[in-house]
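Structure below is upload_21.pdb: PDB, N, CA and C atoms, pLDDT in the B column.
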ATOM      1  N   MET M 268      14.456  -7.117   2.604  1.00 45.00           N
ATOM      2  CA  MET M 268      14.936  -5.910   1.975  1.00 45.00           C
ATOM      3  C   MET M 268      15.137  -6.176   0.491  1.00 45.00           C
ATOM      4  N   THR M 269      14.894  -5.159  -0.295  1.00 50.00           N
ATOM      5  CA  THR M 269      15.091  -5.291  -1.723  1.00 50.00           C
ATOM      6  C   THR M 269      16.509  -4.908  -2.081  1.00 50.00           C
ATOM      7  N   GLY M 270      16.847  -5.053  -3.342  1.00 51.00           N
ATOM      8  CA  GLY M 270      18.199  -4.739  -3.787  1.00 51.00           C
ATOM      9  C   GLY M 270      18.563  -3.276  -3.566  1.00 51.00           C
ATOM     10  N   ALA M 271      17.568  -2.365  -3.658  1.00 53.00           N
ATOM     11  CA  ALA M 271      17.846  -0.939  -3.477  1.00 53.00           C
ATOM     12  C   ALA M 271      18.100  -0.596  -2.016  1.00 53.00           C
ATOM     13  N   ASP M 272      17.611  -1.425  -1.100  1.00 57.00           N
ATOM     14  CA  ASP M 272      17.740  -1.130   0.327  1.00 57.00           C
ATOM     15  C   ASP M 272      19.001  -1.729   0.944  1.00 57.00           C
ATOM     16  N   THR M 273      19.718  -2.537   0.218  1.00 63.00           N
ATOM     17  CA  THR M 273      20.880  -3.197   0.803  1.00 63.00           C
ATOM     18  C   THR M 273      22.028  -2.207   0.974  1.00 63.00           C
ATOM     19  N   VAL M 274      22.872  -2.481   1.925  1.00 60.00           N
ATOM     20  CA  VAL M 274      24.007  -1.623   2.234  1.00 60.00           C
ATOM     21  C   VAL M 274      25.272  -2.330   1.781  1.00 60.00           C
ATOM     22  N   ASP M 275      26.174  -1.586   1.191  1.00 66.00           N
ATOM     23  CA  ASP M 275      27.449  -2.143   0.755  1.00 66.00           C
ATOM     24  C   ASP M 275      28.262  -2.530   1.990  1.00 66.00           C
ATOM     25  N   PRO M 276      28.686  -3.786   2.118  1.00 61.00           N
ATOM     26  CA  PRO M 276      29.415  -4.215   3.312  1.00 61.00           C
ATOM     27  C   PRO M 276      30.707  -3.438   3.535  1.00 61.00           C
ATOM     28  N   SER M 277      31.325  -2.927   2.471  1.00 63.00           N
ATOM     29  CA  SER M 277      32.565  -2.175   2.662  1.00 63.00           C
ATOM     30  C   SER M 277      32.304  -0.834   3.339  1.00 63.00           C
ATOM     31  N   GLU M 278      31.050  -0.327   3.320  1.00 67.00           N
ATOM     32  CA  GLU M 278      30.702   0.934   3.958  1.00 67.00           C
ATOM     33  C   GLU M 278      30.259   0.747   5.415  1.00 67.00           C
ATOM     34  N   THR M 279      29.954  -0.469   5.804  1.00 62.00           N
ATOM     35  CA  THR M 279      29.461  -0.740   7.143  1.00 62.00           C
ATOM     36  C   THR M 279      30.627  -0.742   8.124  1.00 62.00           C
ATOM     37  N   ILE M 280      30.477   0.013   9.215  1.00 72.00           N
ATOM     38  CA  ILE M 280      31.532   0.098  10.218  1.00 72.00           C
ATOM     39  C   ILE M 280      30.926  -0.227  11.577  1.00 72.00           C
ATOM     40  N   ALA M 281      31.552  -1.126  12.304  1.00 74.00           N
ATOM     41  CA  ALA M 281      31.137  -1.454  13.661  1.00 74.00           C
ATOM     42  C   ALA M 281      32.393  -1.499  14.519  1.00 74.00           C
ATOM     43  N   ARG M 282      32.310  -0.855  15.672  1.00 81.00           N
ATOM     44  CA  ARG M 282      33.474  -0.829  16.561  1.00 81.00           C
ATOM     45  C   ARG M 282      33.006  -1.238  17.943  1.00 81.00           C
ATOM     46  N   VAL M 283      33.656  -2.213  18.514  1.00 85.00           N
ATOM     47  CA  VAL M 283      33.354  -2.675  19.863  1.00 85.00           C
ATOM     48  C   VAL M 283      34.230  -1.878  20.820  1.00 85.00           C
ATOM     49  N   VAL M 284      33.592  -1.168  21.759  1.00 88.00           N
ATOM     50  CA  VAL M 284      34.365  -0.335  22.682  1.00 88.00           C
ATOM     51  C   VAL M 284      34.526  -0.981  24.050  1.00 88.00           C
ATOM     52  N   ARG M 285      33.735  -1.999  24.327  1.00 90.00           N
ATOM     53  CA  ARG M 285      33.875  -2.667  25.613  1.00 90.00           C
ATOM     54  C   ARG M 285      33.421  -4.114  25.475  1.00 90.00           C
ATOM     55  N   GLY M 286      34.133  -5.016  26.073  1.00 91.00           N
ATOM     56  CA  GLY M 286      33.769  -6.427  26.059  1.00 91.00           C
ATOM     57  C   GLY M 286      34.310  -7.135  24.829  1.00 91.00           C
ATOM     58  N   THR M 287      34.060  -8.418  24.785  1.00 91.00           N
ATOM     59  CA  THR M 287      34.487  -9.231  23.652  1.00 91.00           C
ATOM     60  C   THR M 287      33.306 -10.070  23.184  1.00 91.00           C
ATOM     61  N   PRO M 288      32.485  -9.526  22.287  1.00 92.00           N
ATOM     62  CA  PRO M 288      31.337 -10.300  21.823  1.00 92.00           C
ATOM     63  C   PRO M 288      31.766 -11.436  20.907  1.00 92.00           C
ATOM     64  N   THR M 289      30.978 -12.474  20.910  1.00 92.00           N
ATOM     65  CA  THR M 289      31.227 -13.577  19.984  1.00 92.00           C
ATOM     66  C   THR M 289      30.832 -13.115  18.586  1.00 92.00           C
ATOM     67  N   PRO M 290      31.290 -13.800  17.556  1.00 90.00           N
ATOM     68  CA  PRO M 290      30.886 -13.409  16.196  1.00 90.00           C
ATOM     69  C   PRO M 290      29.369 -13.427  16.002  1.00 90.00           C
ATOM     70  N   GLU M 291      28.688 -14.357  16.663  1.00 93.00           N
ATOM     71  CA  GLU M 291      27.230 -14.431  16.551  1.00 93.00           C
ATOM     72  C   GLU M 291      26.569 -13.218  17.210  1.00 93.00           C
ATOM     73  N   GLU M 292      27.068 -12.830  18.384  1.00 92.00           N
ATOM     74  CA  GLU M 292      26.520 -11.662  19.076  1.00 92.00           C
ATOM     75  C   GLU M 292      26.758 -10.393  18.268  1.00 92.00           C
ATOM     76  N   LEU M 293      27.929 -10.256  17.705  1.00 90.00           N
ATOM     77  CA  LEU M 293      28.252  -9.090  16.900  1.00 90.00           C
ATOM     78  C   LEU M 293      27.377  -9.040  15.647  1.00 90.00           C
ATOM     79  N   ALA M 294      27.182 -10.176  15.016  1.00 90.00           N
ATOM     80  CA  ALA M 294      26.324 -10.224  13.832  1.00 90.00           C
ATOM     81  C   ALA M 294      24.885  -9.864  14.183  1.00 90.00           C
ATOM     82  N   ALA M 295      24.394 -10.364  15.327  1.00 93.00           N
ATOM     83  CA  ALA M 295      23.029 -10.049  15.754  1.00 93.00           C
ATOM     84  C   ALA M 295      22.879  -8.557  16.038  1.00 93.00           C
ATOM     85  N   ALA M 296      23.862  -7.963  16.674  1.00 91.00           N
ATOM     86  CA  ALA M 296      23.805  -6.532  16.971  1.00 91.00           C
ATOM     87  C   ALA M 296      23.809  -5.711  15.688  1.00 91.00           C
ATOM     88  N   ILE M 297      24.614  -6.103  14.721  1.00 89.00           N
ATOM     89  CA  ILE M 297      24.676  -5.376  13.457  1.00 89.00           C
ATOM     90  C   ILE M 297      23.349  -5.487  12.709  1.00 89.00           C
ATOM     91  N   VAL M 298      22.729  -6.651  12.746  1.00 91.00           N
ATOM     92  CA  VAL M 298      21.439  -6.833  12.078  1.00 91.00           C
ATOM     93  C   VAL M 298      20.373  -5.971  12.732  1.00 91.00           C
ATOM     94  N   VAL M 299      20.326  -5.950  14.059  1.00 93.00           N
ATOM     95  CA  VAL M 299      19.315  -5.169  14.771  1.00 93.00           C
ATOM     96  C   VAL M 299      19.498  -3.673  14.508  1.00 93.00           C
ATOM     97  N   VAL M 300      20.721  -3.192  14.599  1.00 90.00           N
ATOM     98  CA  VAL M 300      20.977  -1.770  14.362  1.00 90.00           C
ATOM     99  C   VAL M 300      20.721  -1.419  12.897  1.00 90.00           C
ATOM    100  N   GLY M 301      21.102  -2.292  11.997  1.00 89.00           N
ATOM    101  CA  GLY M 301      20.867  -2.047  10.570  1.00 89.00           C
ATOM    102  C   GLY M 301      19.384  -1.985  10.242  1.00 89.00           C
ATOM    103  N   GLU M 302      18.604  -2.861  10.842  1.00 92.00           N
ATOM    104  CA  GLU M 302      17.154  -2.863  10.615  1.00 92.00           C
ATOM    105  C   GLU M 302      16.518  -1.608  11.197  1.00 92.00           C
ATOM    106  N   ALA M 303      16.950  -1.189  12.369  1.00 92.00           N
ATOM    107  CA  ALA M 303      16.426   0.040  12.966  1.00 92.00           C
ATOM    108  C   ALA M 303      16.768   1.241  12.090  1.00 92.00           C
ATOM    109  N   TYR M 304      17.967   1.275  11.553  1.00 89.00           N
ATOM    110  CA  TYR M 304      18.374   2.366  10.669  1.00 89.00           C
ATOM    111  C   TYR M 304      17.540   2.369   9.391  1.00 89.00           C
ATOM    112  N   ALA M 305      17.302   1.188   8.822  1.00 90.00           N
ATOM    113  CA  ALA M 305      16.507   1.094   7.601  1.00 90.00           C
ATOM    114  C   ALA M 305      15.078   1.578   7.845  1.00 90.00           C
ATOM    115  N   ARG M 306      14.494   1.224   8.990  1.00 91.00           N
ATOM    116  CA  ARG M 306      13.135   1.698   9.308  1.00 91.00           C
ATOM    117  C   ARG M 306      13.116   3.204   9.496  1.00 91.00           C
ATOM    118  N   GLU M 307      14.132   3.735  10.164  1.00 89.00           N
ATOM    119  CA  GLU M 307      14.179   5.179  10.406  1.00 89.00           C
ATOM    120  C   GLU M 307      14.307   5.954   9.096  1.00 89.00           C
ATOM    121  N   THR M 308      15.154   5.486   8.187  1.00 87.00           N
ATOM    122  CA  THR M 308      15.298   6.180   6.915  1.00 87.00           C
ATOM    123  C   THR M 308      14.055   6.041   6.054  1.00 87.00           C
ATOM    124  N   ALA M 309      13.343   4.914   6.164  1.00 86.00           N
ATOM    125  CA  ALA M 309      12.111   4.746   5.397  1.00 86.00           C
ATOM    126  C   ALA M 309      11.006   5.662   5.916  1.00 86.00           C
ATOM    127  N   ASP M 310      10.975   5.891   7.227  1.00 85.00           N
ATOM    128  CA  ASP M 310       9.938   6.738   7.814  1.00 85.00           C
ATOM    129  C   ASP M 310      10.269   8.223   7.720  1.00 85.00           C
ATOM    130  N   ALA M 311      11.497   8.574   7.454  1.00 84.00           N
ATOM    131  CA  ALA M 311      11.922   9.973   7.440  1.00 84.00           C
ATOM    132  C   ALA M 311      11.737  10.567   6.050  1.00 84.00           C
ATOM    133  N   THR M 312      10.498  10.736   5.660  1.00 79.00           N
ATOM    134  CA  THR M 312      10.215  11.331   4.362  1.00 79.00           C
ATOM    135  C   THR M 312       9.631  12.716   4.565  1.00 79.00           C
ATOM    136  N   ALA M 313       9.962  13.602   3.686  1.00 78.00           N
ATOM    137  CA  ALA M 313       9.446  14.965   3.765  1.00 78.00           C
ATOM    138  C   ALA M 313       8.003  14.972   3.267  1.00 78.00           C
ATOM    139  N   PRO M 314       7.154  15.758   3.909  1.00 76.00           N
ATOM    140  CA  PRO M 314       5.765  15.820   3.443  1.00 76.00           C
ATOM    141  C   PRO M 314       5.701  16.467   2.059  1.00 76.00           C
ATOM    142  N   GLU M 315       4.724  16.037   1.290  1.00 79.00           N
ATOM    143  CA  GLU M 315       4.572  16.596  -0.045  1.00 79.00           C
ATOM    144  C   GLU M 315       4.104  18.042   0.060  1.00 79.00           C
ATOM    145  N   ALA M 316       4.602  18.862  -0.833  1.00 81.00           N
ATOM    146  CA  ALA M 316       4.237  20.278  -0.821  1.00 81.00           C
ATOM    147  C   ALA M 316       2.774  20.426  -1.224  1.00 81.00           C
ATOM    148  N   THR M 317       2.048  21.220  -0.458  1.00 82.00           N
ATOM    149  CA  THR M 317       0.650  21.460  -0.787  1.00 82.00           C
ATOM    150  C   THR M 317       0.564  22.616  -1.770  1.00 82.00           C
ATOM    151  N   ILE M 318      -0.441  22.585  -2.604  1.00 85.00           N
ATOM    152  CA  ILE M 318      -0.642  23.645  -3.573  1.00 85.00           C
ATOM    153  C   ILE M 318      -1.292  24.822  -2.863  1.00 85.00           C
ATOM    154  N   ARG M 319      -0.654  25.987  -2.945  1.00 81.00           N
ATOM    155  CA  ARG M 319      -1.162  27.168  -2.277  1.00 81.00           C
ATOM    156  C   ARG M 319      -2.114  27.911  -3.210  1.00 81.00           C
ATOM    157  N   SER M 320      -3.184  28.456  -2.623  1.00 83.00           N
ATOM    158  CA  SER M 320      -4.151  29.192  -3.419  1.00 83.00           C
ATOM    159  C   SER M 320      -3.583  30.547  -3.827  1.00 83.00           C
ATOM    160  N   ARG M 321      -4.261  31.204  -4.742  1.00 82.00           N
ATOM    161  CA  ARG M 321      -3.818  32.527  -5.175  1.00 82.00           C
ATOM    162  C   ARG M 321      -3.879  33.506  -4.005  1.00 82.00           C
ATOM    163  N   TRP M 322      -4.858  33.334  -3.127  1.00 79.00           N
ATOM    164  CA  TRP M 322      -4.968  34.205  -1.961  1.00 79.00           C
ATOM    165  C   TRP M 322      -3.737  34.049  -1.070  1.00 79.00           C
ATOM    166  N   GLU M 323      -3.345  32.826  -0.802  1.00 77.00           N
ATOM    167  CA  GLU M 323      -2.177  32.591   0.048  1.00 77.00           C
ATOM    168  C   GLU M 323      -0.894  33.146  -0.581  1.00 77.00           C
ATOM    169  N   LEU M 324      -0.801  33.075  -1.888  1.00 76.00           N
ATOM    170  CA  LEU M 324       0.396  33.570  -2.556  1.00 76.00           C
ATOM    171  C   LEU M 324       0.488  35.091  -2.521  1.00 76.00           C
ATOM    172  N   SER M 325      -0.672  35.787  -2.561  1.00 74.00           N
ATOM    173  CA  SER M 325      -0.637  37.243  -2.647  1.00 74.00           C
ATOM    174  C   SER M 325      -0.849  37.930  -1.296  1.00 74.00           C
ATOM    175  N   ALA M 326      -1.361  37.231  -0.307  1.00 72.00           N
ATOM    176  CA  ALA M 326      -1.678  37.861   0.973  1.00 72.00           C
ATOM    177  C   ALA M 326      -0.408  38.088   1.791  1.00 72.00           C
ATOM    178  N   ARG M 327      -0.387  39.196   2.514  1.00 69.00           N
ATOM    179  CA  ARG M 327       0.735  39.462   3.413  1.00 69.00           C
ATOM    180  C   ARG M 327       0.630  38.537   4.616  1.00 69.00           C
ATOM    181  N   GLY M 328       1.747  38.292   5.228  1.00 68.00           N
ATOM    182  CA  GLY M 328       1.738  37.500   6.447  1.00 68.00           C
ATOM    183  C   GLY M 328       1.090  38.287   7.574  1.00 68.00           C
ATOM    184  N   LEU M 329       0.296  37.617   8.362  1.00 67.00           N
ATOM    185  CA  LEU M 329      -0.381  38.286   9.462  1.00 67.00           C
ATOM    186  C   LEU M 329       0.565  38.456  10.633  1.00 67.00           C
ATOM    187  N   ARG M 330       0.297  39.497  11.419  1.00 71.00           N
ATOM    188  CA  ARG M 330       1.096  39.763  12.601  1.00 71.00           C
ATOM    189  C   ARG M 330       0.827  38.685  13.639  1.00 71.00           C
ATOM    190  N   ALA M 331       1.839  38.332  14.396  1.00 75.00           N
ATOM    191  CA  ALA M 331       1.685  37.343  15.464  1.00 75.00           C
ATOM    192  C   ALA M 331       0.815  37.944  16.565  1.00 75.00           C
ATOM    193  N   PRO M 332       0.020  37.145  17.259  1.00 75.00           N
ATOM    194  CA  PRO M 332      -0.829  37.686  18.328  1.00 75.00           C
ATOM    195  C   PRO M 332       0.014  38.262  19.467  1.00 75.00           C
ATOM    196  N   LEU M 333      -0.556  39.254  20.132  1.00 74.00           N
ATOM    197  CA  LEU M 333       0.143  39.887  21.245  1.00 74.00           C
ATOM    198  C   LEU M 333       0.235  38.943  22.428  1.00 74.00           C
ATOM    199  N   ASN M 334       1.340  39.014  23.123  1.00 74.00           N
ATOM    200  CA  ASN M 334       1.512  38.247  24.344  1.00 74.00           C
ATOM    201  C   ASN M 334       1.078  39.146  25.505  1.00 74.00           C
ATOM    202  N   ARG M 335      -0.155  39.039  25.917  1.00 76.00           N
ATOM    203  CA  ARG M 335      -0.716  39.920  26.933  1.00 76.00           C
ATOM    204  C   ARG M 335      -0.187  39.597  28.330  1.00 76.00           C
ATOM    205  N   ASP M 336       0.378  38.419  28.529  1.00 77.00           N
ATOM    206  CA  ASP M 336       0.932  38.060  29.831  1.00 77.00           C
ATOM    207  C   ASP M 336       2.255  38.767  30.100  1.00 77.00           C
ATOM    208  N   ALA M 337       2.938  39.244  29.057  1.00 74.00           N
ATOM    209  CA  ALA M 337       4.252  39.878  29.225  1.00 74.00           C
ATOM    210  C   ALA M 337       4.140  41.281  29.808  1.00 74.00           C
ATOM    211  N   GLY M 338       2.990  41.940  29.643  1.00 71.00           N
ATOM    212  CA  GLY M 338       2.822  43.291  30.156  1.00 71.00           C
ATOM    213  C   GLY M 338       3.725  44.269  29.409  1.00 71.00           C
ATOM    214  N   TRP M 339       4.021  45.404  30.028  1.00 73.00           N
ATOM    215  CA  TRP M 339       4.846  46.431  29.376  1.00 73.00           C
ATOM    216  C   TRP M 339       6.293  46.003  29.291  1.00 73.00           C
ATOM    217  N   ARG M 340       6.730  45.106  30.116  1.00 65.00           N
ATOM    218  CA  ARG M 340       8.126  44.655  30.046  1.00 65.00           C
ATOM    219  C   ARG M 340       8.382  43.778  28.833  1.00 65.00           C
ATOM    220  N   GLY M 341       7.323  43.281  28.234  1.00 56.00           N
ATOM    221  CA  GLY M 341       7.470  42.395  27.077  1.00 56.00           C
ATOM    222  C   GLY M 341       7.623  43.143  25.778  1.00 56.00           C
ATOM    223  N   VAL M 342       7.617  44.479  25.811  1.00 61.00           N
ATOM    224  CA  VAL M 342       7.741  45.253  24.587  1.00 61.00           C
ATOM    225  C   VAL M 342       9.186  45.197  24.103  1.00 61.00           C
ATOM    226  N   THR M 343       9.342  44.770  22.876  1.00 61.00           N
ATOM    227  CA  THR M 343      10.693  44.701  22.292  1.00 61.00           C
ATOM    228  C   THR M 343      10.686  45.514  21.024  1.00 61.00           C
ATOM    229  N   GLY M 344      10.645  46.805  21.146  1.00 57.00           N
ATOM    230  CA  GLY M 344      10.430  47.731  20.090  1.00 57.00           C
ATOM    231  C   GLY M 344      11.352  47.775  18.997  1.00 57.00           C
TER     232      GLY M 344
END
Starting from the coordinates I provided, produce the structure as structure tokens.
Amino acid sequence: MTGADTVDPSETIARVVRGTPTPEELAAAIVVVGEAYARETADATAPEATIRSRWELSARGLRAPLNRDAGWRGVTG
């Protein structure tokens, strides 16, 4: 991890709700969870906005297709 990816130890919180892990086990669990969190945040990026054409900007939205399986009971006027 680089300097920008490190977490401030004062912000890290771990609480054991059952059992008594050894310091080594607790450290291993924190490392594994921290690495999983770092991967998840690295992969959670928003897609870049695509440039819309002039047609897309000026065209009205099209009507959704009819649900023909609903029959007359599917009419929500």
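For the pair atom CA of Gly286 of chain M and atom CA of Ala303 of chain M, the interatomic distance is 22.7 Å.
Separating atom C of Glu291 of chain M from atom CA of Asp310 of chain M is a distance of 27.6 Å.
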Worksheet item: What does the distance from atom C of Ile297 of chain M to atom N of Thr312 of chain M come to in Å, to one decimal?
Response: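 We find that atom C of Ile297 of chain M and atom N of Thr312 of chain M lie 21.9 Å from each other.
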